[in-house]
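Just below is one structure, and these are the notes that go with it.
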Amino acid sequence: MDFLKDLNNQQKQAVTAGTGPVLVLAGPGSGKTRVLTQRIAYLIARQGVRPFNILAVTFTNKAAKEMEERVTDLLSGQTNGLTLGTFHGICARILRREADHLPVTSSYVIFDADDQVSLVKQALKDLNLDDKIHRPLSVHATISNAKNDLLGPEDFPPNTYRDEVIRRVYQRYQELLLLSNGVDFDDLLLYTARLFDENEEVRKRYARRYEHVLVDEFQDTNLAQYALVKHLASFHHNIFVVGDADQSIYRWRGADYRNVLRFEEDYPDAQLILLEQNYRSTQNILDIATAVIERNPYRTPKRLFTERGAGTKATLYEAASDQEEAQYVVEQIATFVVKKQAEPGDFAIMYRTNAQSRLLEEAFLRANLPYKIVGAQRFYGRREIKDMIAFLRLVHNPRDEVSLFRVINLPPRGIGAKTIQNLRTRAQQLGISAGELLLQLTQDVDSPTEEALGGRALNVLIGFAHLLHTWRSAAETETPLALLDRIIAETGYRDLIDDSSDEGRDRWENVLEFRRLATERQDRPLATFLEEIALVSDQDTLDKTSNAPTLLTLHAAKGLEFPNVFITGLNEGVLPHARSLEDPEEMMEERRLFYVGITRAKDRLFLLYSQTRNTYGYPDYVEPSRFLDDIPMELMNDERPQETSYGDVYLPRRAPAPQSTRWEEISTRSAPALQPEYAAGMRVHHAAWGEGLVLNSKIQDNDEILDIFFEEVGLKRVVASLAKLQVMGK
DNA sequence: ATGGACAATGTTTTT
DNA sequence: CATTGTCCAT
């Protein structure tokens with residue numbers, strides 16, 4: 001097997017670099033994933049390194065999985081024992097194994113973002129601090145940053161009054177986590193780094209094992225991650241990192257692209273390899289990207305080049321409103337698909353904030369065209385899913401107070417704030433957690449406890465305790481899926497959420513979707529299952545199987561590529577975001593974010609902004625993004641309107657968008673008297689308008705109404721019985 | 001203890 | 001505007 005075939009000189013050099021530290025600076029689309037994969041294969045097959053002795057860190061689980069598959073392909077098997085995963089995932093496993101050295105047990109649970117904020121809230125309450133003044137979200141962000149800088153509460157410098165407050169909240173927050181036998185995302189990194197720092201035996205064990213340490217997306221590591229990598233490579237010093245400072249977009253999460261500089265300082269003998277040739281985009285796209293990123297100060301200039309040729313110009317489009325912007329996206333995609341110039345799945349639509357996806361989704365729904373959206377939060381953040389997870393987490397770890405109090409009264413069984421308070425107080429007196437006390441109620445109840453909890457409340461508590469108890473026994477022998485089914489059945493959860501309204505049905509569908517996820521992971525023990533769902537990344541939810549356009553944030557787009565890319569909302573206040581306008585560092589990051597978006601495109605790039613935008617429900621005029629000024633006009637086709645306004649009169653320059661078909665109408669198209677003859681996806685011919693694609697069909701007033709996209713004349717709405725249509729094909 | 005009605009308040013980005 | 005929290009009547 002020739003691992004070096006089809007590699008350029010720099011890539012070859014990287015793949016076959018000898019021992020010692022190596023720093024690969026890789027521009028977008030320069031094949032860094034390939035380099036990493038082939039290097040792992042090369043180490044195993046050519047250098048005789050055992051997979052067991054290799055550690056590779058990627059940014060998402062999906063990337064790890066893909067990399068593993070590719071290595072396995074290259075070697076036809078023999079990757080057993082290879083450690084491949086995200087920082088958080090790898091740390092979670094190490095902590096599980098080394099729990100003896102930690103303040104938590106091996107059945108600890110990982111608290112998600114919401115749990116973390118509610119814990120901060122609880123901490124503020126415990127300390128009698130006003131959560132109006134000290135906003136939990138912002139307090140948590142500060143704590144998180146401290147952790148990423150490897151600072152514990154005791155290390156947190158109380159320079160200002162606010163710092164003093166945060167230090168105390170941090171302290172209490174940490175106590176609450178431990179009380180629940182829980183860790184947050186940052187603890188995964190912090191605890192592991194600390195463990196290596198303080199326990200030489202453990203550190204040596206891991207450092208000896210990992211003869212080779214490889215890190216992807218190195219520019220987005222924070223201090224804790226940097227320390228981790230350094231510890232892990234502290235024995236063999238074979239550390240191979242790949243990154244691109246221009247693509248650093250996680251500063252707010254503690255990432256520090258200066259880790260690249262730190263690396264060069266810490267390892268002065270590091271080999272430096274530059275990958276500049278781009279295999280992804282056309283030269284026009286690269287030139288646009290370069291024009292944008294060049295405006296950032298303090299960067300090492302890079303020349304991005306390709307052998308793919310100039311390609312087509314980018315399209316710059318000014319929409320009248322953000323709604324129209326979304327409409328334009330859908331119409332453009334429909335045009336390309338109708339003309340058979342691209343597949344629906346070839347398109348990605350990117351935006352700065354998740355909120356922007358809404359209008360796009362609505363536009364797709366109106367056209368009755370399917371789309372897919374990247375984002376784990378959207379799913380795992382839903383109430384019903386959080387409930388399911390809370391039940392499972394509680395079974396796994398009864399000390400988890402956040403989960404306990406989330407579900408103890410689900411469905412309502414008469415346990416309110418008062419009872420919860422009593423339970424917590426009594427548990428505190430006994431020096432145990434509320435969950436442990438609850439479980440004890442299934443045995444026998446001593447009289448002080450009975451008194452503390454009161455007769456009526458006690459009985460319902462015991463009832464819930466018995467449920468929890470049986471679930472815990474079940475969990476010992478059954479799969480998480482079986483346990484989940486048991487919980488759903490025994491709580492009557494469906495009746496609780498499915499009130500047979502659209503929304504209720506929707507929620508139940510979500511539960512079923514979660515159940516499907518559990519089915520896919522049947523073989524996992526509960527601990528692993530919980531860990532996996534706590535650490536899913538947005539990108540992990542990307543579905544490659546369906547042929548539909550992808551909606552995603554610019555952050556989620558990192559590391560991906562698409563033939564055609566729309567970047568929407570190129571307006572001041574959106575990209576760059578309003579909250580980065582004053583801080584030059586943040587402004588630089590906004591620019592990098594735009595750069596990341598541009599460089600995802602292989603063939604076509606669409607840059608969109610609009611004149612007005614709805615914020616808080618009210619429309620407002622907005623300026624085009626300053627970043628657009630930096631792109632030479634000759635690289636773009638300007639689709640901005642010619643002068644069409646006279647004084648205050650604005651003349652629409654395109655045919656008006658079709659009468660909106662509401663989502664409710666689409667979803668409630670129930671048993672019409674007339675059966676539709678046409679369906680979305682059909683190609684039809686019209687005597688005057690030529691050939692077109694049916695986008696939508698509905699029965700209205702005993703007539704079939706069609707939205708058809710014609711190649712010649714665009715989108716039209718026709719009545720089927722009047723327009724003489726010929727069906728050309730499915 | 002529960003659920004409904006109103007108010008207030010808030011928007012990056014994510015493991 | 002859309003979600004989340006708070007108050008009040010049952």
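Chain labels follow the order of the structure tokens: the first chain is A, the next B, and so on; residue numbering restarts at 1 in every chain, and ligands are counted from 1 in their shown order.
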
Original post:
Got a sec to pull out which chain A residues are within 9 Å of chain C, counting only C-alpha atoms (C1' of nucleotides), and send them as a VMD selection string?
Top reply: chain A and resid 615 to 618

Next, write the just-selected residues to a file, as a compact mmCIF listing (two decimals), in the first residue's frame, keeping all heavy atoms as the atom set.
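Once everything was written out, this is part_11.txt:
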# COMPACT_ATOMS: atom_id res chain seq x y z
N THR A 615 -35.56 42.89 14.06
CA THR A 615 -34.98 42.60 15.37
C THR A 615 -36.06 42.84 16.41
O THR A 615 -36.70 43.89 16.39
CB THR A 615 -33.77 43.51 15.67
OG1 THR A 615 -33.98 44.76 15.01
CG2 THR A 615 -32.49 42.88 15.19
N TYR A 616 -36.26 41.87 17.25
CA TYR A 616 -37.31 41.94 18.26
C TYR A 616 -38.67 42.15 17.61
O TYR A 616 -39.54 42.80 18.18
CB TYR A 616 -37.07 43.07 19.26
CG TYR A 616 -35.91 42.83 20.16
CD1 TYR A 616 -34.77 43.60 20.05
CD2 TYR A 616 -35.95 41.82 21.11
CE1 TYR A 616 -33.70 43.38 20.88
CE2 TYR A 616 -34.88 41.59 21.94
CZ TYR A 616 -33.76 42.38 21.82
OH TYR A 616 -32.70 42.15 22.64
N GLY A 617 -38.81 41.67 16.40
CA GLY A 617 -40.10 41.80 15.77
C GLY A 617 -40.29 43.08 14.98
O GLY A 617 -41.22 43.18 14.19
N TYR A 618 -39.42 44.07 15.18
CA TYR A 618 -39.59 45.30 14.43
C TYR A 618 -38.55 45.42 13.33
O TYR A 618 -37.37 45.18 13.57
CB TYR A 618 -39.49 46.51 15.37
CG TYR A 618 -40.54 46.49 16.43
CD1 TYR A 618 -40.24 46.07 17.73
CD2 TYR A 618 -41.85 46.87 16.14
CE1 TYR A 618 -41.22 46.03 18.71
CE2 TYR A 618 -42.82 46.83 17.11
CZ TYR A 618 -42.51 46.42 18.39
OH TYR A 618 -43.48 46.37 19.35

**OP:** Restrict the distance test to only C-alpha atoms (C1' of nucleotides), flag each residue of chain A within 9 Å of chain B, and return the flagged residues as a ChimeraX atom specification.
**Re:** /A:60,86-88,185-186,249-250,252-253,352-355,377,412,414-417,534-538,553-556,574,577-579

**OP:** Report as a ChimeraX atom specification: the residues of region 178-395 of chain A with a DSSP assignment of strand (DSSP E), based on the backbone of this structure.
**Re:** /A:182-183,212-215,239-243,271-275,314-319,347-351,372-373

Next, the residues of the selection above should be written as a tab-separated table (two decimals), in the first residue's frame with N, CA, C and O atoms.
chain	number	residue	atom	x	y	z
A	182	GLY	N	-21.21	15.48	39.82
A	182	GLY	CA	-21.22	15.91	38.43
A	182	GLY	C	-19.99	16.73	38.06
A	182	GLY	O	-19.29	17.24	38.92
A	183	VAL	N	-19.76	16.81	36.77
A	183	VAL	CA	-18.71	17.69	36.24
A	183	VAL	C	-19.31	18.48	35.08
A	183	VAL	O	-20.27	18.04	34.47
A	212	HIS	N	2.91	8.58	20.07
A	212	HIS	CA	2.61	9.66	19.13
A	212	HIS	C	1.31	10.33	19.50
A	212	HIS	O	0.29	9.68	19.70
A	213	VAL	N	1.37	11.66	19.58
A	213	VAL	CA	0.18	12.45	19.86
A	213	VAL	C	-0.06	13.37	18.68
A	213	VAL	O	0.84	14.11	18.27
A	214	LEU	N	-1.27	13.29	18.11
A	214	LEU	CA	-1.60	14.14	16.95
A	214	LEU	C	-2.83	14.99	17.27
A	214	LEU	O	-3.80	14.49	17.83
A	215	VAL	N	-2.77	16.27	16.95
A	215	VAL	CA	-3.87	17.17	17.28
A	215	VAL	C	-4.32	17.95	16.05
A	215	VAL	O	-3.51	18.60	15.40
A	239	ILE	N	5.00	14.97	19.06
A	239	ILE	CA	3.74	15.68	19.06
A	239	ILE	C	3.58	16.40	17.73
A	239	ILE	O	4.43	17.15	17.29
A	240	PHE	N	2.47	16.09	17.09
A	240	PHE	CA	2.22	16.50	15.72
A	240	PHE	C	0.93	17.31	15.70
A	240	PHE	O	-0.15	16.77	15.93
A	241	VAL	N	1.04	18.62	15.50
A	241	VAL	CA	-0.16	19.44	15.56
A	241	VAL	C	-0.41	20.14	14.22
A	241	VAL	O	0.51	20.54	13.53
A	242	VAL	N	-1.69	20.25	13.89
A	242	VAL	CA	-2.10	20.84	12.62
A	242	VAL	C	-3.05	21.98	12.90
A	242	VAL	O	-3.99	21.81	13.69
A	243	GLY	N	-2.83	23.12	12.29
A	243	GLY	CA	-3.74	24.22	12.55
A	243	GLY	C	-3.57	25.37	11.58
A	243	GLY	O	-2.70	25.37	10.72
A	271	GLN	N	9.70	20.87	13.76
A	271	GLN	CA	9.70	21.04	12.31
A	271	GLN	C	8.48	21.85	11.93
A	271	GLN	O	7.39	21.62	12.46
A	272	LEU	N	8.66	22.75	10.98
A	272	LEU	CA	7.54	23.57	10.54
A	272	LEU	C	7.21	23.22	9.10
A	272	LEU	O	8.08	23.26	8.23
A	273	ILE	N	5.97	22.86	8.85
A	273	ILE	CA	5.58	22.49	7.49
A	273	ILE	C	4.37	23.33	7.09
A	273	ILE	O	3.41	23.46	7.86
A	274	LEU	N	4.44	23.93	5.90
A	274	LEU	CA	3.35	24.76	5.42
A	274	LEU	C	2.58	24.07	4.30
A	274	LEU	O	3.18	23.62	3.34
A	275	LEU	N	1.28	24.00	4.44
A	275	LEU	CA	0.45	23.48	3.35
A	275	LEU	C	-0.33	24.65	2.76
A	275	LEU	O	-1.20	25.21	3.41
A	314	ALA	N	-18.36	35.21	-7.72
A	314	ALA	CA	-19.33	35.10	-6.64
A	314	ALA	C	-20.51	36.00	-6.95
A	314	ALA	O	-20.41	36.91	-7.77
A	315	THR	N	-21.62	35.72	-6.33
A	315	THR	CA	-22.81	36.55	-6.51
A	315	THR	C	-23.03	37.39	-5.28
A	315	THR	O	-23.07	36.87	-4.16
A	316	LEU	N	-23.13	38.70	-5.50
A	316	LEU	CA	-23.45	39.58	-4.38
A	316	LEU	C	-24.90	40.00	-4.54
A	316	LEU	O	-25.29	40.51	-5.59
A	317	TYR	N	-25.70	39.78	-3.53
A	317	TYR	CA	-27.12	40.08	-3.67
A	317	TYR	C	-27.63	40.90	-2.51
A	317	TYR	O	-27.41	40.56	-1.34
A	318	GLU	N	-28.32	41.97	-2.87
A	318	GLU	CA	-28.94	42.80	-1.85
A	318	GLU	C	-30.43	42.54	-1.81
A	318	GLU	O	-31.13	42.77	-2.78
A	319	ALA	N	-30.90	42.05	-0.69
A	319	ALA	CA	-32.33	41.79	-0.55
A	319	ALA	C	-32.99	42.99	0.09
A	319	ALA	O	-32.35	43.75	0.81
A	347	PHE	N	-25.86	22.26	-1.71
A	347	PHE	CA	-25.95	23.63	-1.21
A	347	PHE	C	-25.86	23.68	0.32
A	347	PHE	O	-26.42	22.84	1.02
A	348	ALA	N	-25.14	24.71	0.78
A	348	ALA	CA	-25.15	25.00	2.20
A	348	ALA	C	-25.52	26.45	2.38
A	348	ALA	O	-25.14	27.30	1.58
A	349	ILE	N	-26.29	26.73	3.40
A	349	ILE	CA	-26.66	28.10	3.71
A	349	ILE	C	-26.14	28.39	5.12
A	349	ILE	O	-26.50	27.70	6.06
A	350	MET	N	-25.29	29.40	5.21
A	350	MET	CA	-24.64	29.68	6.49
A	350	MET	C	-25.07	31.02	7.05
A	350	MET	O	-25.40	31.93	6.31
A	351	TYR	N	-25.06	31.11	8.37
A	351	TYR	CA	-25.48	32.34	9.04
A	351	TYR	C	-24.71	32.49	10.34
A	351	TYR	O	-24.13	31.53	10.84
A	372	LYS	N	-32.08	20.27	5.55
A	372	LYS	CA	-31.62	19.71	6.81
A	372	LYS	C	-30.85	20.76	7.56
A	372	LYS	O	-30.26	21.67	6.98
A	373	ILE	N	-30.84	20.64	8.86
A	373	ILE	CA	-30.25	21.68	9.67
A	373	ILE	C	-29.26	21.06	10.65
A	373	ILE	O	-29.53	20.00	11.22

Original post:
Residues at most 8 Å from Pro525 (chain A), counting only C-alpha atoms (C1' of nucleotides), excluding those fewer than 2 positions away in the same chain, as an NGL selection string?
Top reply: :A and (479-480 or 523 or 527-529)

Original post:
Where does DSSP see helix (DSSP H, G or I) in region 433-493 of chain A, if you list the residues as JSON, numbers by chain?
Top reply: {"A": [434, 435, 436, 437, 438, 439, 440, 447, 448, 449, 450, 451, 452, 453, 455, 456, 457, 458, 459, 460, 461, 462, 463, 464, 465, 466, 467, 468, 469, 470, 471, 472, 473, 474, 475, 476, 477, 480, 481, 482, 483, 484, 485, 486, 487, 488, 489, 490, 491, 493]}

Nearby residues (only C-alpha atoms (C1' of nucleotides)) at most 10 Å from Phe627 (chain A), same-chain spacing under 3 positions excluded, as a PDB file with all heavy atoms, in the first residue's frame:
ATOM      1  N   ALA A 291      -8.674  38.411   0.151  1.00  0.00           N
ATOM      2  CA  ALA A 291      -8.952  39.841   0.274  1.00  0.00           C
ATOM      3  C   ALA A 291      -9.563  40.154   1.637  1.00  0.00           C
ATOM      4  O   ALA A 291      -9.281  41.190   2.239  1.00  0.00           O
ATOM      5  CB  ALA A 291      -9.897  40.284  -0.838  1.00  0.00           C
ATOM      6  N   VAL A 292     -10.393  39.239   2.129  1.00  0.00           N
ATOM      7  CA  VAL A 292     -11.056  39.473   3.414  1.00  0.00           C
ATOM      8  C   VAL A 292     -10.075  39.291   4.573  1.00  0.00           C
ATOM      9  O   VAL A 292      -9.960  40.146   5.447  1.00  0.00           O
ATOM     10  CB  VAL A 292     -12.261  38.518   3.578  1.00  0.00           C
ATOM     11  CG1 VAL A 292     -12.772  38.527   5.011  1.00  0.00           C
ATOM     12  CG2 VAL A 292     -13.371  38.914   2.619  1.00  0.00           C
ATOM     13  N   ILE A 293      -9.337  38.212   4.561  1.00  0.00           N
ATOM     14  CA  ILE A 293      -8.507  37.882   5.727  1.00  0.00           C
ATOM     15  C   ILE A 293      -7.260  38.763   5.800  1.00  0.00           C
ATOM     16  O   ILE A 293      -6.722  38.993   6.879  1.00  0.00           O
ATOM     17  CB  ILE A 293      -8.131  36.374   5.729  1.00  0.00           C
ATOM     18  CG1 ILE A 293      -7.705  35.923   7.139  1.00  0.00           C
ATOM     19  CG2 ILE A 293      -7.032  36.060   4.735  1.00  0.00           C
ATOM     20  CD1 ILE A 293      -8.808  35.933   8.153  1.00  0.00           C
ATOM     21  N   ARG A 295      -6.980  41.781   5.736  1.00  0.00           N
ATOM     22  CA  ARG A 295      -7.168  42.998   6.526  1.00  0.00           C
ATOM     23  C   ARG A 295      -6.904  42.776   8.003  1.00  0.00           C
ATOM     24  O   ARG A 295      -6.923  43.723   8.774  1.00  0.00           O
ATOM     25  CB  ARG A 295      -8.601  43.516   6.364  1.00  0.00           C
ATOM     26  CG  ARG A 295      -8.967  43.828   4.946  1.00  0.00           C
ATOM     27  CD  ARG A 295      -8.256  45.081   4.507  1.00  0.00           C
ATOM     28  NE  ARG A 295      -8.432  45.303   3.073  1.00  0.00           N
ATOM     29  CZ  ARG A 295      -8.804  46.472   2.560  1.00  0.00           C
ATOM     30  NH1 ARG A 295      -9.039  47.492   3.339  1.00  0.00           N
ATOM     31  NH2 ARG A 295      -8.932  46.591   1.268  1.00  0.00           N
ATOM     32  N   LEU A 570     -25.075  39.349   5.672  1.00  0.00           N
ATOM     33  CA  LEU A 570     -23.821  40.109   5.693  1.00  0.00           C
ATOM     34  C   LEU A 570     -24.130  41.579   5.946  1.00  0.00           C
ATOM     35  O   LEU A 570     -24.025  42.426   5.056  1.00  0.00           O
ATOM     36  CB  LEU A 570     -23.069  39.905   4.374  1.00  0.00           C
ATOM     37  CG  LEU A 570     -22.310  38.576   4.345  1.00  0.00           C
ATOM     38  CD1 LEU A 570     -21.913  38.190   2.941  1.00  0.00           C
ATOM     39  CD2 LEU A 570     -21.070  38.683   5.236  1.00  0.00           C
ATOM     40  N   ASN A 571     -24.520  41.823   7.174  1.00  0.00           N
ATOM     41  CA  ASN A 571     -24.886  43.172   7.598  1.00  0.00           C
ATOM     42  C   ASN A 571     -24.140  43.545   8.870  1.00  0.00           C
ATOM     43  O   ASN A 571     -23.819  42.677   9.677  1.00  0.00           O
ATOM     44  CB  ASN A 571     -26.389  43.237   7.885  1.00  0.00           C
ATOM     45  CG  ASN A 571     -27.208  43.249   6.613  1.00  0.00           C
ATOM     46  OD1 ASN A 571     -27.767  42.222   6.209  1.00  0.00           O
ATOM     47  ND2 ASN A 571     -27.276  44.397   5.975  1.00  0.00           N
ATOM     48  N   GLU A 572     -23.892  44.826   9.009  1.00  0.00           N
ATOM     49  CA  GLU A 572     -23.329  45.309  10.260  1.00  0.00           C
ATOM     50  C   GLU A 572     -24.256  44.921  11.406  1.00  0.00           C
ATOM     51  O   GLU A 572     -25.472  45.088  11.305  1.00  0.00           O
ATOM     52  CB  GLU A 572     -23.172  46.827  10.225  1.00  0.00           C
ATOM     53  CG  GLU A 572     -22.024  47.308   9.357  1.00  0.00           C
ATOM     54  CD  GLU A 572     -20.675  46.949   9.947  1.00  0.00           C
ATOM     55  OE1 GLU A 572     -20.348  47.411  11.055  1.00  0.00           O
ATOM     56  OE2 GLU A 572     -19.942  46.189   9.281  1.00  0.00           O
ATOM     57  N   LEU A 575     -23.036  40.152  10.967  1.00  0.00           N
ATOM     58  CA  LEU A 575     -21.667  39.705  10.710  1.00  0.00           C
ATOM     59  C   LEU A 575     -20.884  40.887  10.158  1.00  0.00           C
ATOM     60  O   LEU A 575     -21.024  41.185   8.979  1.00  0.00           O
ATOM     61  CB  LEU A 575     -21.667  38.540   9.704  1.00  0.00           C
ATOM     62  CG  LEU A 575     -20.305  37.935   9.390  1.00  0.00           C
ATOM     63  CD1 LEU A 575     -19.754  37.253  10.612  1.00  0.00           C
ATOM     64  CD2 LEU A 575     -20.396  36.942   8.237  1.00  0.00           C
ATOM     65  N   PRO A 576     -20.097  41.588  10.900  1.00  0.00           N
ATOM     66  CA  PRO A 576     -19.748  41.344  12.299  1.00  0.00           C
ATOM     67  C   PRO A 576     -20.928  41.524  13.256  1.00  0.00           C
ATOM     68  O   PRO A 576     -21.746  42.415  13.054  1.00  0.00           O
ATOM     69  CB  PRO A 576     -18.706  42.425  12.589  1.00  0.00           C
ATOM     70  CG  PRO A 576     -19.020  43.531  11.645  1.00  0.00           C
ATOM     71  CD  PRO A 576     -19.503  42.843  10.406  1.00  0.00           C
ATOM     72  N   GLU A 590     -14.529  37.912  14.019  1.00  0.00           N
ATOM     73  CA  GLU A 590     -15.670  37.938  13.096  1.00  0.00           C
ATOM     74  C   GLU A 590     -15.177  37.792  11.659  1.00  0.00           C
ATOM     75  O   GLU A 590     -15.784  37.109  10.838  1.00  0.00           O
ATOM     76  CB  GLU A 590     -16.432  39.257  13.239  1.00  0.00           C
ATOM     77  CG  GLU A 590     -17.080  39.473  14.599  1.00  0.00           C
ATOM     78  CD  GLU A 590     -18.217  38.512  14.869  1.00  0.00           C
ATOM     79  OE1 GLU A 590     -19.148  38.434  14.070  1.00  0.00           O
ATOM     80  OE2 GLU A 590     -18.163  37.820  15.910  1.00  0.00           O
ATOM     81  N   ARG A 591     -14.074  38.461  11.385  1.00  0.00           N
ATOM     82  CA  ARG A 591     -13.501  38.403  10.049  1.00  0.00           C
ATOM     83  C   ARG A 591     -13.034  36.983   9.729  1.00  0.00           C
ATOM     84  O   ARG A 591     -13.269  36.469   8.641  1.00  0.00           O
ATOM     85  CB  ARG A 591     -12.332  39.381   9.966  1.00  0.00           C
ATOM     86  CG  ARG A 591     -11.854  39.668   8.582  1.00  0.00           C
ATOM     87  CD  ARG A 591     -10.711  40.669   8.619  1.00  0.00           C
ATOM     88  NE  ARG A 591     -11.168  42.047   8.719  1.00  0.00           N
ATOM     89  CZ  ARG A 591     -11.621  42.750   7.674  1.00  0.00           C
ATOM     90  NH1 ARG A 591     -11.665  42.197   6.495  1.00  0.00           N
ATOM     91  NH2 ARG A 591     -12.003  43.987   7.828  1.00  0.00           N
ATOM     92  N   PHE A 594     -16.017  34.875   8.849  1.00  0.00           N
ATOM     93  CA  PHE A 594     -16.424  35.086   7.468  1.00  0.00           C
ATOM     94  C   PHE A 594     -15.477  34.314   6.539  1.00  0.00           C
ATOM     95  O   PHE A 594     -15.912  33.635   5.600  1.00  0.00           O
ATOM     96  CB  PHE A 594     -16.400  36.593   7.180  1.00  0.00           C
ATOM     97  CG  PHE A 594     -16.905  36.980   5.813  1.00  0.00           C
ATOM     98  CD1 PHE A 594     -17.894  36.243   5.164  1.00  0.00           C
ATOM     99  CD2 PHE A 594     -16.405  38.112   5.177  1.00  0.00           C
ATOM    100  CE1 PHE A 594     -18.359  36.620   3.914  1.00  0.00           C
ATOM    101  CE2 PHE A 594     -16.861  38.495   3.927  1.00  0.00           C
ATOM    102  CZ  PHE A 594     -17.832  37.742   3.288  1.00  0.00           C
ATOM    103  N   TYR A 595     -14.205  34.404   6.838  1.00  0.00           N
ATOM    104  CA  TYR A 595     -13.181  33.701   6.049  1.00  0.00           C
ATOM    105  C   TYR A 595     -13.434  32.190   6.035  1.00  0.00           C
ATOM    106  O   TYR A 595     -13.374  31.533   4.989  1.00  0.00           O
ATOM    107  CB  TYR A 595     -11.817  34.018   6.655  1.00  0.00           C
ATOM    108  CG  TYR A 595     -10.630  33.303   6.060  1.00  0.00           C
ATOM    109  CD1 TYR A 595     -10.117  33.681   4.824  1.00  0.00           C
ATOM    110  CD2 TYR A 595     -10.002  32.264   6.753  1.00  0.00           C
ATOM    111  CE1 TYR A 595      -9.008  33.039   4.287  1.00  0.00           C
ATOM    112  CE2 TYR A 595      -8.898  31.623   6.225  1.00  0.00           C
ATOM    113  CZ  TYR A 595      -8.403  32.008   4.996  1.00  0.00           C
ATOM    114  OH  TYR A 595      -7.306  31.379   4.468  1.00  0.00           O
ATOM    115  N   PRO A 624     -24.829  47.367   5.081  1.00  0.00           N
ATOM    116  CA  PRO A 624     -24.103  46.179   4.619  1.00  0.00           C
ATOM    117  C   PRO A 624     -22.845  45.975   5.458  1.00  0.00           C
ATOM    118  O   PRO A 624     -22.295  46.933   6.022  1.00  0.00           O
ATOM    119  CB  PRO A 624     -23.721  46.515   3.172  1.00  0.00           C
ATOM    120  CG  PRO A 624     -24.466  47.739   2.815  1.00  0.00           C
ATOM    121  CD  PRO A 624     -24.917  48.410   4.064  1.00  0.00           C
ATOM    122  N   ASP A 630     -14.158  45.044   1.408  1.00  0.00           N
ATOM    123  CA  ASP A 630     -12.786  44.599   1.187  1.00  0.00           C
ATOM    124  C   ASP A 630     -12.655  43.665  -0.016  1.00  0.00           C
ATOM    125  O   ASP A 630     -11.552  43.265  -0.374  1.00  0.00           O
ATOM    126  CB  ASP A 630     -12.265  43.873   2.441  1.00  0.00           C
ATOM    127  CG  ASP A 630     -12.356  44.766   3.665  1.00  0.00           C
ATOM    128  OD1 ASP A 630     -12.169  45.988   3.502  1.00  0.00           O
ATOM    129  OD2 ASP A 630     -12.628  44.247   4.765  1.00  0.00           O
ATOM    130  N   ILE A 631     -13.789  43.308  -0.596  1.00  0.00           N
ATOM    131  CA  ILE A 631     -13.743  42.373  -1.722  1.00  0.00           C
ATOM    132  C   ILE A 631     -13.759  43.162  -3.037  1.00  0.00           C
ATOM    133  O   ILE A 631     -14.665  43.965  -3.261  1.00  0.00           O
ATOM    134  CB  ILE A 631     -14.960  41.420  -1.691  1.00  0.00           C
ATOM    135  CG1 ILE A 631     -15.007  40.700  -0.338  1.00  0.00           C
ATOM    136  CG2 ILE A 631     -14.874  40.415  -2.832  1.00  0.00           C
ATOM    137  CD1 ILE A 631     -16.240  39.850  -0.144  1.00  0.00           C
TER     138      ILE A 631
END

Original post:
Can you tell me, as number ranges by chain, what residues are no more than 12 Å from Gly77 (chain A) when counting only C-alpha atoms (C1' of nucleotides), ignoring any on the same chain fewer than 4 positions away?
Top reply: A: 41, 44-45, 51, 68-73, 81-82

**OP:** Kindly indicate which residue among A:Asn80, A:Asn222, A:Gln522, A:Asn547 lies nearest to Asn145 (chain A), using only C-alpha atoms for the distances.
**Re:**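 So, comparing all the options, the nearest one is A:Asn222.
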